[in-house]
Structures are given as structure tokens and as C-alpha cells.
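Undergrad: data.cif (mmCIF, C-alpha atoms) pasted underneath:
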data_start
#
loop_
_atom_site.label_atom_id
_atom_site.label_comp_id
_atom_site.auth_asym_id
_atom_site.auth_seq_id
_atom_site.Cartn_x
_atom_site.Cartn_y
_atom_site.Cartn_z
CA MET A 1 154.96 120.37 120.31
CA VAL A 2 152.81 120.90 123.42
CA ALA A 3 150.65 123.41 121.59
CA ARG A 4 150.24 121.05 118.64
CA ARG A 5 149.27 118.18 120.96
CA ALA A 6 146.72 120.38 122.71
CA ALA A 7 145.24 121.39 119.37
CA LEU A 8 144.94 117.75 118.28
CA LEU A 9 143.29 116.83 121.58
CA SER A 10 140.81 119.70 121.19
CA LEU A 11 140.01 118.59 117.64
CA ALA A 12 139.45 115.00 118.79
CA ALA A 13 137.20 116.14 121.63
CA PHE A 14 135.18 118.27 119.22
CA ALA A 15 134.79 115.33 116.82
CA LEU A 16 133.67 113.06 119.67
CA LEU A 17 131.11 115.62 120.85
CA ALA A 18 129.78 116.01 117.33
CA ALA A 19 129.46 112.23 116.97
CA CYS A 20 127.55 111.96 120.24
CA ASN A 21 125.12 114.68 119.19
CA ARG A 22 124.61 113.38 115.64
CA GLN A 23 121.06 112.35 114.81
CA PRO A 24 120.38 109.11 112.90
CA ALA A 25 120.95 109.66 109.19
CA PRO A 26 117.72 110.24 107.25
CA SER A 27 116.70 107.89 104.47
CA ALA A 28 118.01 108.51 100.98
CA ALA A 29 115.77 110.81 98.98
CA ASP A 30 114.37 107.91 96.95
CA THR A 31 114.07 105.40 99.83
CA LEU A 32 111.67 104.81 102.71
CA VAL A 33 112.57 102.52 105.61
CA VAL A 34 109.36 100.80 106.71
CA GLY A 35 108.88 98.54 109.74
CA ALA A 36 106.38 95.69 109.57
CA THR A 37 105.45 92.38 111.12
CA ALA A 38 106.03 89.40 108.85
CA VAL A 39 102.48 88.34 107.97
CA PRO A 40 100.62 89.88 106.27
CA HIS A 41 102.21 93.33 106.47
CA ALA A 42 105.67 92.58 105.09
CA GLU A 43 104.12 90.35 102.43
CA VAL A 44 101.87 93.18 101.25
CA LEU A 45 104.84 95.55 101.19
CA GLU A 46 106.87 93.04 99.17
CA PHE A 47 103.97 92.80 96.72
CA ILE A 48 103.95 96.56 96.01
CA LYS A 49 107.74 96.94 96.13
CA PRO A 50 108.32 96.40 92.36
CA LYS A 51 105.55 98.84 91.43
CA LEU A 52 106.98 101.51 93.71
CA ALA A 53 110.50 100.89 92.39
CA ALA A 54 109.19 101.47 88.86
CA GLU A 55 107.81 104.81 90.11
CA GLY A 56 111.20 105.77 91.57
CA LEU A 57 110.58 104.90 95.21
CA LYS A 58 112.53 102.17 96.98
CA ILE A 59 111.20 100.70 100.22
CA ASP A 60 113.56 99.06 102.70
CA ILE A 61 111.38 96.65 104.70
CA LYS A 62 112.47 95.90 108.27
CA VAL A 63 110.61 92.88 109.69
CA PHE A 64 109.81 92.71 113.42
CA ASN A 65 108.36 89.90 115.54
CA ASP A 66 106.89 92.12 118.24
CA TYR A 67 104.57 95.12 118.56
CA VAL A 68 106.94 97.35 120.52
CA GLN A 69 110.07 98.00 118.47
CA PRO A 70 108.36 99.20 115.27
CA ASN A 71 107.00 102.22 117.16
CA VAL A 72 110.14 102.75 119.23
CA GLN A 73 112.29 102.82 116.12
CA LEU A 74 109.85 105.06 114.27
CA ALA A 75 109.88 107.55 117.15
CA GLU A 76 113.70 107.37 117.21
CA ARG A 77 113.85 108.09 113.44
CA ARG A 78 115.37 104.74 112.60
CA LEU A 79 112.24 104.07 110.52
CA ASP A 80 110.31 106.44 108.26
CA ALA A 81 107.00 104.62 108.70
CA ASN A 82 105.55 101.38 110.01
CA TYR A 83 102.69 99.14 109.03
CA PHE A 84 101.54 96.63 111.65
CA GLN A 85 99.10 98.15 114.15
CA THR A 86 95.46 98.98 114.72
CA GLY A 87 94.11 102.42 115.53
CA PRO A 88 93.24 101.60 119.17
CA TYR A 89 96.71 100.15 119.73
CA LEU A 90 98.34 103.28 118.28
CA ASP A 91 96.13 105.50 120.45
CA THR A 92 97.18 103.54 123.54
CA VAL A 93 100.94 103.70 122.90
CA ASN A 94 100.75 107.38 121.95
CA ALA A 95 99.01 108.11 125.25
CA ASP A 96 101.52 106.03 127.21
CA ARG A 97 104.68 107.30 125.52
CA GLY A 98 103.69 110.76 124.29
CA TRP A 99 104.97 110.04 120.78
CA GLY A 100 102.26 111.67 118.68
CA LEU A 101 102.67 109.15 115.85
CA VAL A 102 100.07 109.67 113.12
CA LYS A 103 97.96 107.54 110.78
CA ALA A 104 98.84 107.86 107.10
CA ALA A 105 96.34 105.35 105.65
CA GLY A 106 93.94 102.65 106.78
CA VAL A 107 94.85 99.48 104.88
CA HIS A 108 93.21 96.31 106.16
CA ILE A 109 91.43 94.46 108.94
CA GLU A 110 92.67 91.15 110.36
CA PRO A 111 89.70 89.53 112.10
CA LEU A 112 90.84 88.40 115.56
CA GLY A 113 90.17 84.74 116.25
CA ALA A 114 90.00 82.22 119.10
CA TYR A 115 91.75 78.90 118.48
CA SER A 116 92.10 75.60 120.29
CA ALA A 117 94.13 72.42 119.97
CA LYS A 118 91.87 70.63 122.47
CA ILE A 119 88.29 71.25 121.35
CA LYS A 120 86.54 71.34 117.98
CA ALA A 121 83.67 73.69 118.82
CA ILE A 122 83.28 76.57 121.25
CA ALA A 123 80.32 74.79 122.85
CA ASP A 124 82.79 72.15 124.04
CA LEU A 125 84.83 74.63 126.09
CA PRO A 126 84.78 73.15 129.60
CA ALA A 127 84.05 74.91 132.86
CA GLY A 128 87.23 76.28 134.41
CA ALA A 129 88.99 76.33 131.02
CA THR A 130 92.21 78.31 130.64
CA VAL A 131 92.03 81.06 128.03
CA ALA A 132 95.12 82.90 126.79
CA ILE A 133 94.74 86.47 125.56
CA PRO A 134 97.21 89.18 124.46
CA ASN A 135 98.80 91.16 127.27
CA GLU A 136 98.72 94.56 125.51
CA PRO A 137 95.83 96.83 126.58
CA SER A 138 94.43 97.22 123.07
CA ASN A 139 94.65 93.61 121.90
CA GLY A 140 93.69 92.27 125.32
CA GLY A 141 90.59 94.43 125.34
CA ARG A 142 89.81 93.35 121.81
CA ALA A 143 90.02 89.69 122.85
CA LEU A 144 87.64 90.29 125.76
CA LEU A 145 85.18 92.03 123.43
CA LEU A 146 85.19 88.95 121.19
CA LEU A 147 84.52 86.65 124.16
CA ASN A 148 81.80 89.00 125.42
CA LYS A 149 80.10 89.11 122.01
CA ASN A 150 79.96 85.32 121.97
CA GLY A 151 78.50 85.00 125.47
CA LEU A 152 81.50 83.52 127.26
CA ILE A 153 81.83 86.51 129.59
CA THR A 154 80.01 89.76 130.28
CA LEU A 155 81.84 93.09 130.32
CA LYS A 156 80.87 96.20 132.22
CA ASP A 157 81.07 98.21 128.98
CA PRO A 158 81.05 96.04 125.84
CA SER A 159 81.98 99.07 123.72
CA ASN A 160 85.20 99.83 125.62
CA PRO A 161 88.13 98.76 123.35
CA VAL A 162 90.57 98.68 126.26
CA SER A 163 88.49 96.62 128.68
CA THR A 164 90.54 94.58 131.16
CA LEU A 165 89.96 91.47 133.23
CA LYS A 166 88.76 93.75 136.02
CA ASP A 167 85.86 94.80 133.79
CA ILE A 168 84.39 91.28 133.63
CA THR A 169 81.08 91.31 135.50
CA ALA A 170 80.01 87.72 134.74
CA ASN A 171 82.04 84.62 133.97
CA PRO A 172 79.54 81.73 133.93
CA LYS A 173 82.09 79.05 132.97
CA GLY A 174 84.63 80.24 135.53
CA LEU A 175 87.24 80.77 132.82
CA LYS A 176 90.83 81.31 133.93
CA PHE A 177 92.83 83.83 131.94
CA LYS A 178 96.50 84.01 131.03
CA GLU A 179 97.79 87.28 129.59
CA LEU A 180 100.73 86.62 127.29
CA GLU A 181 102.76 88.43 124.65
CA SER A 182 100.87 88.25 121.35
CA ALA A 183 103.71 86.60 119.44
CA THR A 184 103.82 83.68 121.89
CA LEU A 185 100.12 82.80 121.74
CA PRO A 186 100.30 80.26 118.87
CA ARG A 187 103.05 78.43 120.74
CA VAL A 188 100.90 77.82 123.83
CA LEU A 189 97.91 76.28 122.05
CA ASN A 190 98.74 72.86 123.49
CA GLN A 191 99.03 74.31 127.00
CA VAL A 192 95.67 76.11 127.21
CA ASP A 193 92.09 75.35 126.24
CA LEU A 194 91.61 78.44 124.09
CA ALA A 195 93.89 81.19 122.79
CA VAL A 196 92.78 84.47 121.22
CA ILE A 197 95.33 85.23 118.51
CA ASN A 198 95.95 88.14 116.16
CA THR A 199 95.61 87.04 112.56
CA ASN A 200 99.16 87.97 111.56
CA TYR A 201 100.55 85.59 114.19
CA ALA A 202 97.93 82.96 113.36
CA LEU A 203 98.91 83.03 109.68
CA ASP A 204 102.59 82.93 110.60
CA ALA A 205 101.85 79.76 112.61
CA LYS A 206 100.09 78.20 109.58
CA LEU A 207 96.64 78.53 111.12
CA ASP A 208 93.78 79.28 108.73
CA PRO A 209 91.45 81.81 110.40
CA ALA A 210 88.58 80.96 108.04
CA LYS A 211 88.78 77.24 108.92
CA ASP A 212 90.55 76.94 112.27
CA ALA A 213 89.11 79.78 114.37
CA LEU A 214 86.31 78.73 116.71
CA LEU A 215 85.36 82.39 117.14
CA ILE A 216 86.27 85.24 114.80
CA GLU A 217 85.47 88.92 114.44
CA ASP A 218 83.16 89.83 111.60
CA LYS A 219 83.91 92.35 108.88
CA THR A 220 82.49 95.23 110.93
CA SER A 221 85.54 95.17 113.21
CA PRO A 222 86.82 98.69 113.98
CA TYR A 223 90.40 97.41 114.27
CA VAL A 224 91.84 98.70 111.01
CA ASN A 225 95.59 98.24 110.48
CA PHE A 226 97.25 101.53 109.55
CA LEU A 227 100.33 102.80 107.79
CA VAL A 228 101.81 105.05 110.50
CA THR A 229 104.43 107.78 110.44
CA ARG A 230 105.66 110.77 112.46
CA PRO A 231 104.21 114.30 112.36
CA ASP A 232 107.40 115.65 110.80
CA ASN A 233 107.10 113.48 107.68
CA ALA A 234 103.33 113.03 107.47
CA SER A 235 103.33 115.29 104.40
CA ASP A 236 106.32 113.60 102.77
CA PRO A 237 105.42 112.79 99.12
CA ARG A 238 107.17 109.42 99.53
CA VAL A 239 104.80 108.48 102.37
CA ALA A 240 101.84 109.61 100.25
CA LYS A 241 103.07 107.43 97.37
CA LEU A 242 103.39 104.42 99.69
CA ALA A 243 99.91 105.04 101.15
CA LYS A 244 98.42 105.22 97.65
CA ALA A 245 100.07 101.94 96.66
CA LEU A 246 98.87 100.18 99.81
CA THR A 247 95.27 101.20 99.09
CA SER A 248 95.28 100.36 95.40
CA PRO A 249 92.92 97.99 93.55
CA GLU A 250 95.94 95.72 92.97
CA VAL A 251 96.44 95.30 96.73
CA LYS A 252 92.74 94.62 97.24
CA ALA A 253 92.91 91.81 94.66
CA PHE A 254 96.15 90.48 96.17
CA MET A 255 94.59 90.26 99.64
CA ALA A 256 91.49 88.51 98.34
CA GLU A 257 93.53 85.93 96.45
CA LYS A 258 96.24 85.27 99.03
CA TYR A 259 94.40 85.51 102.34
CA LYS A 260 90.86 84.45 101.37
CA GLY A 261 89.05 86.45 104.04
CA ALA A 262 91.70 86.27 106.75
CA VAL A 263 92.84 89.76 105.74
CA VAL A 264 90.10 92.15 104.60
CA PRO A 265 90.79 95.43 102.77
CA ALA A 266 89.62 98.49 104.71
CA PHE A 267 89.48 100.81 101.69
#
Would you mind writing the structure in this file as C-alpha cells?
TA:
Amino acid sequence: MVARRAALLSLAAFALLAACNRQPAPSAADTLVVGATAVPHAEVLEFIKPKLAAEGLKIDIKVFNDYVQPNVQLAERRLDANYFQTGPYLDTVNADRGWGLVKAAGVHIEPLGAYSAKIKAIADLPAGATVAIPNEPSNGGRALLLLNKNGLITLKDPSNPVSTLKDITANPKGLKFKELESATLPRVLNQVDLAVINTNYALDAKLDPAKDALLIEDKTSPYVNFLVTRPDNASDPRVAKLAKALTSPEVKAFMAEKYKGAVVPAF
């Protein structure tokens, strides 16, 4: 009896150890789990979902409301790919976290815009105005580049995509800056004079970048949104099939019809 009990305990301990060391289960052979922010990324993925299903590939779309978890979960193998971020943002998080995540396809550009609930034209921005910008290095730098290009501030290096507030060399209006999480920026429009907002969050808040933005990037913006994956599955035929669908003529037409210039194909 003692020997049998010892054997059962050993078996239980082995099972527990195996469970602790088990890696997350990979996706089914015909399925990709893809992380995305709601607008426009998840909408674009939903658009191509039936076409991919007809070709034998299912995509399981996981929607996120922040810019952190899609990369965390991709690195942890809980996602197979994600579609939400620009190249400079990916470069920044890779450098910070050592992930080595890779670009699978450049899909679109979302022109960054500056919005206000208090003024109708940028010329009306008062001295000492409060301006909210994203608090991530990439998007914050991008916001400062937009303000620099439109003469509201001067940056030490206007070509530096990760410029910070410390890089402002001239601020003729004495603007005061608030650095906030990107997803919260539409919600503070009534609390600040100007907010620089990523287009996906602007669209989600029912803002029309073509009509409502007082300042907006032009179509030469280098901030392409990429389909991103890990080095270990960068050559996965399923990822290649998804990348091809995302850069198809059908997607280009869908973006033109649905977003009317707020989302611009990069292919």
C-alpha cells in the first residue's frame, strides 16, 4: 500500500511538472490567431475572413484596445501574428524588449491628426494652450513631428521619429503638453485645447479625419501599419496567405470605399 501510494504521488508530481513546463498550444493547422485593434485593423481582417476561409485558412481575430498586449501575446505565442502597429513603433518595442518580432507585410497608412472640441481652426489655438499627445515614444515623436511641420513648435531634428518633449527648441505659443495613453486621447478632447490622435482611435470615437482634423499627415507619411509575426513562423505559408490577402486589390477598394482617405493603402 505504501509503495503504491508513493508511486501515485510520483506520477502526480510528474504530471504537475509537465503541466508547468507545457508551452501554449499552437494554432490548428488551418487556423491563424491574429491580434488587432478594433478600427480599422479588425474591420479589414473581418473583410478578408470569408475569402481566406474559402481558401482553407481560418483566422481567429482577437481585438485589443491598447498597443501593448498584441506584442506581448505574440511574443508569448498566444498569437500567431498581429496587425496594428507602425514600423517605428515595432522598432522601438523590439529594442526595448528584445523580442525580434518581424514585419510580414506593409498594409496601410493612417494619417495622424490633431483634433479639438474648442477651436475650429489651428490658427485659433491660443497661447498657453494644452496639447495632448500619445505617451509612447514612437507615436509621441510622430505627434511632435506633425506639430513641427505645421510651425507650432521647432524640433532639434525634425527627421527624428522618436523625438521627445526635450527635443523642442522653440515653442512660440508656450504650449503645455500632456502625454497620455493613445486610447484615452479621444476621451479628453473636452479637457484640452488640442489632442493628437491615431486614426484608429479617432475612427473608433466617430471622428472623421478628413473633416474633423485641424492638422493631418499627408500621404507621404512613413508610418506604415504592418502585419507582424515572430521569426519562427515568418515563413509559415498561412502567414504568407494572410499577407497576400491583406495587400490584395479587393482590400485596396474596401479601404477607399469605407474610410475615404482616413486609411490609405501602402501597397
Undergrad: From the list A:Leu165, A:Leu227, A:Ala129, A:Val107, which residue is nearest Pro70 (chain A) when using only C-alpha atoms?
TA: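 Ranking A:Leu165, A:Leu227, A:Ala129, A:Val107 by distance to Pro70 (chain A), first place goes to A:Leu227.
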Undergrad: Nearest to Arg142 (chain A) among A:Val196, A:Ala183, A:Ala29, A:Ala253, with distances taken over only C-alpha atoms: which residue is it?
TA: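 Ranking A:Val196, A:Ala183, A:Ala29, A:Ala253 by distance to Arg142 (chain A), first place goes to A:Val196.
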Undergrad: Find the residue from A:Pro161, A:Thr199, A:Ala266, A:Arg230 that sits nearest to Gly98 (chain A); use only C-alpha atoms when measuring.
TA: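 Between A:Pro161, A:Thr199, A:Ala266, A:Arg230, the residue approaching Gly98 (chain A) most closely is A:Arg230.
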Undergrad: For region 78-131 of chain A versus region 236-247 of chain A, which residues have an atom no more than 12 Å away, and what is each residue's nearest atom pair and distance in Å rounded to one decimal, using all atoms listed in the file, chain-then-number order, as CSV?
TA:
residue,atom,partner,partner_atom,distance
A:Leu79,CA,A:Val239,CA,11.9
A:Asp80,CA,A:Val239,CA,8.3
A:Ala81,CA,A:Val239,CA,7.7
A:Asn82,CA,A:Val239,CA,10.5
A:Tyr83,CA,A:Leu246,CA,10.0
A:Val102,CA,A:Val239,CA,11.8
A:Lys103,CA,A:Ala243,CA,10.1
A:Ala104,CA,A:Ala243,CA,6.7
A:Ala105,CA,A:Ala243,CA,5.8
A:Gly106,CA,A:Thr247,CA,7.9
A:Val107,CA,A:Thr247,CA,6.1
A:His108,CA,A:Thr247,CA,8.8
Undergrad: Calculate how many Å separate CA of Pro172 (chain A) from CA of Leu152 (chain A), rounding to one decimal.
TA: 7.2 Å
